[in-house]
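Here is the structure we will look at.
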Amino acid sequence: MSDEYEHFEAIVVGAGPGGAAAAAALAEYGVETLVLERGVEAGSKNVSGGLIYAEESAPYTVDQLFEGFREEASERPITEYYLHNVAGNQVKTFDVTRLHEHDTAWSDAVLRRKMDSWLAERVHEKTSEVGGGLLTDVRVNGLLRDDGEIVGVTCDELDPITADVIIAADGVNSELARDARLMDWERPDEWFQGVKAVVDVPADAIADRFGVDDDEGAAHLFSGDLFEGVRGGGFLYTNEDSLSIGTVFHLDSLVAERAEPHELLDALLTHPFLAEWLGDEYHEREYAAKLVPDSKKAAIPSPHRGRLLLVGDAAGQMQAQGPIIKGMNHAVTAGALAAEAYAQSKARGSTERAGERYAEKLRGEGVMKKLRPARYRAVSALGERDAVTGVVDSVLQSAVGRAGLRAVGDRLGRLYGSPFLAMAVPDTRTPYVTLPTVIAEELGDRVDDGEGAVEPPSLEERIGALTYDTDVGNPHIALVDSSYEASGAAVTACPVSARGFGGGCYREETIRTNGDEERVVSLDTQPCVECGTCAIVADTEWQHPRGGKGVEFKQG
């Protein structure tokens with residue numbers, strides 16, 4: 001079979017930070033590398049909150065691999081980090097900059113379209129020098145096998161391509177990871193869903209409103225009773241001349257509460273605490289959404305099979321533990337380690353061991369300890385039982401619990417700033433809803449009454465402002481079971497759908513036949529933002545659109 005198709009020594013699928021790091025490192029080793037990206041441009045399919053870190057303990061950082069990255073591809077250095085506990089109009093703020101700076105060489109806010117497209121230019125230059133390059137508008141739809149062995153990839157737009165190593169950096173909804181049966185989408189509790197608005201704010205206004213210099217930025221996190229009891233919270237990051245404002249929630253909690261993501265985002269945007277930051281004129285550049293793996297449960301300990309190595313979100317490498325939110329830096333590290341593992345295996349004449357070496361490096365460099373901390377496993381074994389959560393919440397809400405919080409007072413900020421405790425936070429209502437709400441009620445200051453000045457766009461307006469290239473006649477999602485019992489959760493969980501809204505992906509309908517009524521779900525992929533949420537919460541057959549088709553993010 002190797003003689004039938006075009007062959008490259010290495011194929012990298014996806015040109016985000018993980019794929020870029022892998023390709024750049026492979027090129028440094030002189031490995032002929034082809035990079036395939038399904039978007040019209042790198043970054044056009046990608047969304048992030050988005051802070052990118054350079055950890056002091058990491059063997060690779062993006063600025064080491066790409067000279068000039070911080071000057072050319074990022075927005076603002078993040079120099080301040082705050083956590084806001086909210087209960088109604090009561091807010092108690094803790095400075096958690098100490099946590100943010102733990103093991104951190106630097107951290108910058110980024111917008112993915114700008115960052116990824118800059119990285120892609122450097123990657124194309126580097127890979128072209130070793131006989132490869134970068135191609136956009138190409139969707140890799142599966143793995144090519146010969147007698148059961150993975151030997152390459154198949155594409156919608158190109159003939160199959162073979163390779164000695166395949167590095168899949170194709171994101172959270174990786175079709176290669178699923179094809180290799182290394183990742184499945186069966187458990188909503190292993191995933192988060194995030195929605196985000198990029199909001200116009202002039203650069204000088206950011207400096208003034210946030211009290212930072214022109215070359216500084218701030219990060220703010222929000223938790224408490226803002227979000228209808230859904231486990232998760234909100235964020236705000238300062239870009240050069242915009243703000244990234246969003247919410248991230250455990251997907252199983254979002255489904256259980258039948259909460260609508262766009263409304264939870266609006267609850268944050270319209271809170272009076274944000275009014276001074278957002279000003280009198282509110283304009284959204286872009287609305288976007290993303291599925292996020294919970295590395296504590298979803299990170300694959302040995303992310304490889306045969307010639308296939310997974311990096312970044314495709315391997316579940318997204319660290320979200322309390323106020324610690326890191327993903328892109330782990331993708332960069334993993335991508336470079338995967339390249340290193342292949343190069344060393346090649347030098348030893350044992351390329352078949354590249355995957356094993358890659359997994360060993362993830363463990364040896366401490367990456368897996370960060371993604372799947374033992375502290376969380378120890379705490380969750382007991383702390384995530386419903387009975388335990390109920391008792392803890394009752395104590396916190398009692399007179400005794402409230403008195404204890406008042407006695408501790410601002411010293412709570414030290415606990416929130418502890419890296420040790422952050423990596424042990426259980427996935428329950430307690431840290432996301434109950435505790436921050438009681439803290440705000442007992443210790444918080446009241447902000448001005450009334451709604452903020454912001455009037456967010458409607459869901460219809462947000463969808464209409466996005467750029468789509470619809471692949472007419474080739475829907476990328478099909479409903480397998482249209483019954484409400486099987487797929488109804490998508491009506492509210494989908495970030496571009498809502499109850500009673502006819503312009504989104506999923507709609508609930510009642511069909512009457514011979515006097516009987518049946519609740520069913522209908523699907524329209526036209527406004528899809530390709531987050532992948534419905535693949536987990538509904539009975540669907542889900543794949544990416546063909547190369548260049550579907551949604552195109554201009555900010556990301």
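So you can find residues: chains in the structure tokens are A, B, ... in the order shown, residues in each start at 1, and ligands are numbered from 1 in order.
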Inset, instruction - Compile the contact shell of stretch 500-504 of chain A as JSON, numbers by chain: residues with an atom at most 8 Å away, counting only C-alpha atoms, same-chain residues fewer than 3 positions apart removed. - result: {"A": [460, 496, 497, 507, 508, 524, 527, 528]}
Inset, instruction - Please provide the set of residues having any atom within 12 Å of A:Arg285, restricted to only C-alpha atoms, with same-chain residues fewer than 4 positions apart removed, written as a ChimeraX atom specification. - result: /A:111,196-201,241-245,456-457,461-467,553-556
Write out the residues from the selection above, keeping N, CA and C atoms, as an mmCIF file, in the first residue's frame.
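Result went into result_4.cif, see below:
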data_model
loop_
_atom_site.group_PDB
_atom_site.id
_atom_site.type_symbol
_atom_site.label_atom_id
_atom_site.label_comp_id
_atom_site.auth_asym_id
_atom_site.auth_seq_id
_atom_site.Cartn_x
_atom_site.Cartn_y
_atom_site.Cartn_z
ATOM 1 N N LEU A 111 -6.037 35.786 21.030
ATOM 2 C CA LEU A 111 -7.187 35.496 20.184
ATOM 3 C C LEU A 111 -6.724 34.483 19.139
ATOM 4 N N LYS A 196 -18.442 32.225 24.569
ATOM 5 C CA LYS A 196 -17.591 33.399 24.712
ATOM 6 C C LYS A 196 -18.041 34.503 23.773
ATOM 7 N N ALA A 197 -17.924 35.734 24.253
ATOM 8 C CA ALA A 197 -18.117 36.912 23.410
ATOM 9 C C ALA A 197 -16.834 37.729 23.413
ATOM 10 N N VAL A 198 -16.402 38.153 22.238
ATOM 11 C CA VAL A 198 -15.296 39.111 22.129
ATOM 12 C C VAL A 198 -15.927 40.482 21.968
ATOM 13 N N VAL A 199 -15.609 41.375 22.907
ATOM 14 C CA VAL A 199 -16.301 42.655 23.040
ATOM 15 C C VAL A 199 -15.340 43.805 22.763
ATOM 16 N N ASP A 200 -15.759 44.733 21.940
ATOM 17 C CA ASP A 200 -14.930 45.902 21.626
ATOM 18 C C ASP A 200 -14.767 46.802 22.842
ATOM 19 N N VAL A 201 -13.530 47.141 23.179
ATOM 20 C CA VAL A 201 -13.210 48.177 24.167
ATOM 21 C C VAL A 201 -11.893 48.809 23.717
ATOM 22 N N ASP A 241 -7.337 45.478 22.375
ATOM 23 C CA ASP A 241 -8.403 46.473 22.240
ATOM 24 C C ASP A 241 -9.779 45.792 22.265
ATOM 25 N N SER A 242 -9.886 44.753 23.086
ATOM 26 C CA SER A 242 -11.151 44.040 23.252
ATOM 27 C C SER A 242 -11.088 43.249 24.549
ATOM 28 N N LEU A 243 -12.228 42.697 24.923
ATOM 29 C CA LEU A 243 -12.311 41.808 26.075
ATOM 30 C C LEU A 243 -12.833 40.452 25.605
ATOM 31 N N SER A 244 -12.289 39.390 26.165
ATOM 32 C CA SER A 244 -12.849 38.052 25.987
ATOM 33 C C SER A 244 -13.645 37.733 27.243
ATOM 34 N N ILE A 245 -14.970 37.604 27.101
ATOM 35 C CA ILE A 245 -15.844 37.356 28.242
ATOM 36 C C ILE A 245 -16.631 36.081 27.971
ATOM 37 N N PRO A 456 -27.126 42.731 25.620
ATOM 38 C CA PRO A 456 -26.490 41.767 24.712
ATOM 39 C C PRO A 456 -27.344 41.523 23.474
ATOM 40 N N PRO A 457 -26.717 41.159 22.374
ATOM 41 C CA PRO A 457 -27.483 40.787 21.185
ATOM 42 C C PRO A 457 -28.335 39.555 21.472
ATOM 43 N N GLU A 461 -29.302 37.327 16.547
ATOM 44 C CA GLU A 461 -28.327 38.317 16.067
ATOM 45 C C GLU A 461 -26.907 37.776 16.155
ATOM 46 N N ARG A 462 -26.606 37.046 17.215
ATOM 47 C CA ARG A 462 -25.267 36.480 17.359
ATOM 48 C C ARG A 462 -24.972 35.474 16.249
ATOM 49 N N ILE A 463 -25.930 34.609 15.985
ATOM 50 C CA ILE A 463 -25.743 33.627 14.921
ATOM 51 C C ILE A 463 -25.592 34.327 13.568
ATOM 52 N N GLY A 464 -26.432 35.338 13.338
ATOM 53 C CA GLY A 464 -26.409 36.048 12.059
ATOM 54 C C GLY A 464 -25.120 36.795 11.796
ATOM 55 N N ALA A 465 -24.417 37.159 12.870
ATOM 56 C CA ALA A 465 -23.167 37.911 12.705
ATOM 57 C C ALA A 465 -21.971 37.011 12.391
ATOM 58 N N LEU A 466 -22.145 35.688 12.540
ATOM 59 C CA LEU A 466 -21.053 34.771 12.253
ATOM 60 C C LEU A 466 -20.929 34.526 10.747
ATOM 61 N N THR A 467 -19.774 34.056 10.334
ATOM 62 C CA THR A 467 -19.509 33.762 8.929
ATOM 63 C C THR A 467 -19.621 32.255 8.700
ATOM 64 N N PHE A 553 -14.468 31.398 12.294
ATOM 65 C CA PHE A 553 -14.286 32.382 13.352
ATOM 66 C C PHE A 553 -13.225 33.398 12.945
ATOM 67 N N LYS A 554 -13.544 34.667 13.142
ATOM 68 C CA LYS A 554 -12.608 35.738 12.813
ATOM 69 C C LYS A 554 -11.777 36.164 14.030
ATOM 70 N N GLN A 555 -12.264 35.829 15.242
ATOM 71 C CA GLN A 555 -11.554 36.165 16.480
ATOM 72 C C GLN A 555 -11.011 34.890 17.136
ATOM 73 N N GLY A 556 -11.922 34.010 17.527
ATOM 74 C CA GLY A 556 -11.520 32.728 18.090
ATOM 75 C C GLY A 556 -11.063 32.791 19.527
#
Contact check, stretch 251-330 of chain A to stretch 396-416 of chain A, at most 12 Å, counting only C-alpha atoms, closest pairs as JSON lines:
{"residue": "A:Gln321", "atom": "CA", "partner": "A:Tyr416", "partner_atom": "CA", "distance": 11.4}
{"residue": "A:Gly322", "atom": "CA", "partner": "A:Tyr416", "partner_atom": "CA", "distance": 8.4}
{"residue": "A:Pro323", "atom": "CA", "partner": "A:Tyr416", "partner_atom": "CA", "distance": 7.9}
{"residue": "A:Ile324", "atom": "CA", "partner": "A:Tyr416", "partner_atom": "CA", "distance": 10.3}
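Every residue of stretch 35-101 of chain A found in alpha helix (DSSP H) when DSSP is run on the backbone appears here: A:Val62, A:Asp63, A:Gln64, A:Leu65, A:Phe69, A:Arg70, A:Glu71, A:Glu72, A:Thr97, A:Arg98, A:Leu99, A:His100, A:Glu101.
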Dump of all heavy atoms for the selected residues, as a short mmCIF file (atom, residue, chain, number, x, y, z; two decimals), in the first residue's frame:
data_model
loop_
_atom_site.label_atom_id
_atom_site.label_comp_id
_atom_site.auth_asym_id
_atom_site.auth_seq_id
_atom_site.Cartn_x
_atom_site.Cartn_y
_atom_site.Cartn_z
N VAL A 62 5.94 28.01 23.94
CA VAL A 62 5.68 28.47 22.58
C VAL A 62 6.68 29.53 22.15
O VAL A 62 7.07 29.60 20.97
CB VAL A 62 4.23 28.96 22.45
CG1 VAL A 62 4.00 30.24 23.25
CG2 VAL A 62 3.83 29.15 20.99
N ASP A 63 7.14 30.38 23.07
CA ASP A 63 8.10 31.42 22.68
C ASP A 63 9.49 30.85 22.44
O ASP A 63 10.30 31.46 21.72
CB ASP A 63 8.15 32.54 23.72
CG ASP A 63 8.54 32.06 25.10
OD1 ASP A 63 8.15 30.94 25.48
OD2 ASP A 63 9.23 32.80 25.82
N GLN A 64 9.79 29.67 23.02
CA GLN A 64 11.06 29.02 22.72
C GLN A 64 11.05 28.42 21.32
O GLN A 64 12.07 28.43 20.62
CB GLN A 64 11.34 27.92 23.75
CG GLN A 64 11.59 28.43 25.15
CD GLN A 64 11.63 27.30 26.18
OE1 GLN A 64 11.27 26.16 25.88
NE2 GLN A 64 12.07 27.62 27.39
N LEU A 65 9.90 27.92 20.91
CA LEU A 65 9.79 27.30 19.60
C LEU A 65 9.60 28.31 18.48
O LEU A 65 9.98 28.05 17.33
CB LEU A 65 8.60 26.32 19.59
CG LEU A 65 8.76 25.08 20.47
CD1 LEU A 65 7.42 24.37 20.62
CD2 LEU A 65 9.79 24.12 19.89
N PHE A 69 7.07 35.37 19.27
CA PHE A 69 5.67 35.04 19.50
C PHE A 69 4.95 36.10 20.31
O PHE A 69 3.87 36.58 19.92
CB PHE A 69 5.55 33.68 20.19
CG PHE A 69 4.14 33.35 20.64
CD1 PHE A 69 3.25 32.77 19.76
CD2 PHE A 69 3.71 33.66 21.93
CE1 PHE A 69 1.95 32.49 20.15
CE2 PHE A 69 2.41 33.38 22.33
CZ PHE A 69 1.53 32.80 21.44
N ARG A 70 5.50 36.47 21.44
CA ARG A 70 4.78 37.39 22.34
C ARG A 70 4.60 38.77 21.72
O ARG A 70 3.58 39.43 21.95
CB ARG A 70 5.49 37.49 23.68
CG ARG A 70 5.60 36.16 24.42
CD ARG A 70 6.14 36.35 25.82
NE ARG A 70 5.15 37.01 26.68
CZ ARG A 70 5.44 37.52 27.87
NH1 ARG A 70 6.70 37.50 28.32
NH2 ARG A 70 4.50 38.09 28.60
N GLU A 71 5.57 39.19 20.96
CA GLU A 71 5.48 40.51 20.34
C GLU A 71 4.48 40.54 19.18
O GLU A 71 3.82 41.55 18.94
CB GLU A 71 6.86 40.96 19.82
CG GLU A 71 7.91 41.18 20.90
CD GLU A 71 8.51 39.89 21.43
OE1 GLU A 71 8.31 38.83 20.78
OE2 GLU A 71 9.18 39.93 22.48
N GLU A 72 4.35 39.43 18.47
CA GLU A 72 3.58 39.41 17.23
C GLU A 72 2.23 38.71 17.32
O GLU A 72 1.30 39.07 16.60
CB GLU A 72 4.42 38.74 16.12
CG GLU A 72 5.73 39.42 15.82
CD GLU A 72 5.55 40.81 15.23
OE1 GLU A 72 4.49 41.06 14.61
OE2 GLU A 72 6.45 41.64 15.40
N THR A 97 -3.44 36.27 42.27
CA THR A 97 -2.28 36.41 41.39
C THR A 97 -1.18 35.43 41.78
O THR A 97 -0.45 34.92 40.92
CB THR A 97 -1.75 37.85 41.42
OG1 THR A 97 -2.81 38.76 41.07
CG2 THR A 97 -0.60 38.05 40.46
N ARG A 98 -1.08 35.13 43.08
CA ARG A 98 -0.06 34.17 43.53
C ARG A 98 -0.26 32.81 42.87
O ARG A 98 0.70 32.15 42.45
CB ARG A 98 -0.10 34.05 45.05
CG ARG A 98 0.95 33.10 45.64
CD ARG A 98 1.02 33.27 47.14
NE ARG A 98 -0.16 32.74 47.79
CZ ARG A 98 -0.26 31.52 48.32
NH1 ARG A 98 0.77 30.69 48.23
NH2 ARG A 98 -1.35 31.12 48.92
N LEU A 99 -1.51 32.38 42.76
CA LEU A 99 -1.80 31.12 42.09
C LEU A 99 -1.47 31.21 40.60
O LEU A 99 -0.88 30.30 40.02
CB LEU A 99 -3.26 30.76 42.28
CG LEU A 99 -3.77 29.52 41.55
CD1 LEU A 99 -3.06 28.26 42.05
CD2 LEU A 99 -5.28 29.37 41.70
N HIS A 100 -1.86 32.31 40.01
CA HIS A 100 -1.61 32.54 38.58
C HIS A 100 -0.11 32.51 38.27
O HIS A 100 0.31 32.01 37.21
CB HIS A 100 -2.22 33.89 38.20
CG HIS A 100 -1.78 34.45 36.90
ND1 HIS A 100 -2.17 33.96 35.69
CD2 HIS A 100 -0.96 35.50 36.61
CE1 HIS A 100 -1.63 34.66 34.72
NE2 HIS A 100 -0.90 35.59 35.25
N GLU A 101 0.70 33.02 39.18
CA GLU A 101 2.14 33.11 38.94
C GLU A 101 2.91 31.87 39.35
O GLU A 101 4.10 31.76 39.09
CB GLU A 101 2.70 34.33 39.67
CG GLU A 101 2.20 35.65 39.09
CD GLU A 101 2.74 36.87 39.82
OE1 GLU A 101 3.26 36.69 40.95
OE2 GLU A 101 2.64 37.98 39.27
#
Inset, instruction - Apply DSSP to the backbone of this structure and, from stretch 251-485 of chain A, keep only the residues in strand (DSSP E or B); write these as an NGL selection string. - result: :A and (284-293 or 304-305 or 308-310 or 319-321 or 324-326 or 445-446 or 467-469 or 477-479 or 483)
Legend entry - Residue neighbourhood stretch 375-385 of chain A, 7 Å, only C-alpha atoms, exclusion window fewer than 5 positions, as a list in words: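 Residues near the query, excluding close chain neighbours: Met423, Ala424, Val425, Pro426, Asp427 and Thr428 of chain A.
The nearest approach to A:Cys494 among the residues A:Pro261, A:Gly68, A:Pro301, A:Gly224, with only C-alpha atoms taken into account, belongs to A:Pro261.
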Legend entry - Nearby residues (only C-alpha atoms) at most 7 Å from stretch 248-253 of chain A, same-chain spacing under 5 positions excluded, as a list in words: Pro188, Asp189, Trp191, Phe192, Gln193, Gly194, Val195, Val230, Arg231, Gly232, Gly233 and Gly234 of chain A
Inset, instruction - Please indicate the distance in Å from atom CA of A:Gly335 to atom CA of A:Gly18, rounded to one decimal place. - result: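 A separation of 4.9 Å between them.
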Inset, instruction - Can you pull out every residue within 9 Å of A:Asn141, counting only C-alpha atoms, but drop anything in the same chain fewer than 2 positions away, and send it as a ChimeraX atom specification? - result: /A:139,143,153-156,175-176,543-544,546
Inset, instruction - Rank A:Pro431, A:Pro495, A:Gly142, A:Gly444 by their smallest atom-to-atom distance to A:Gly229, using only C-alpha atoms, and report the top residue only. - result: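 Going through A:Pro431, A:Pro495, A:Gly142, A:Gly444 one by one, the smallest distance to A:Gly229 is for A:Pro431.
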Legend entry - Residue nearest A:Asn329 among A:Asp214, A:Glu552, A:Asp313, A:Glu530 (counting only C-alpha atoms):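 Closest to A:Asn329, using only C-alpha atoms: A:Asp313.
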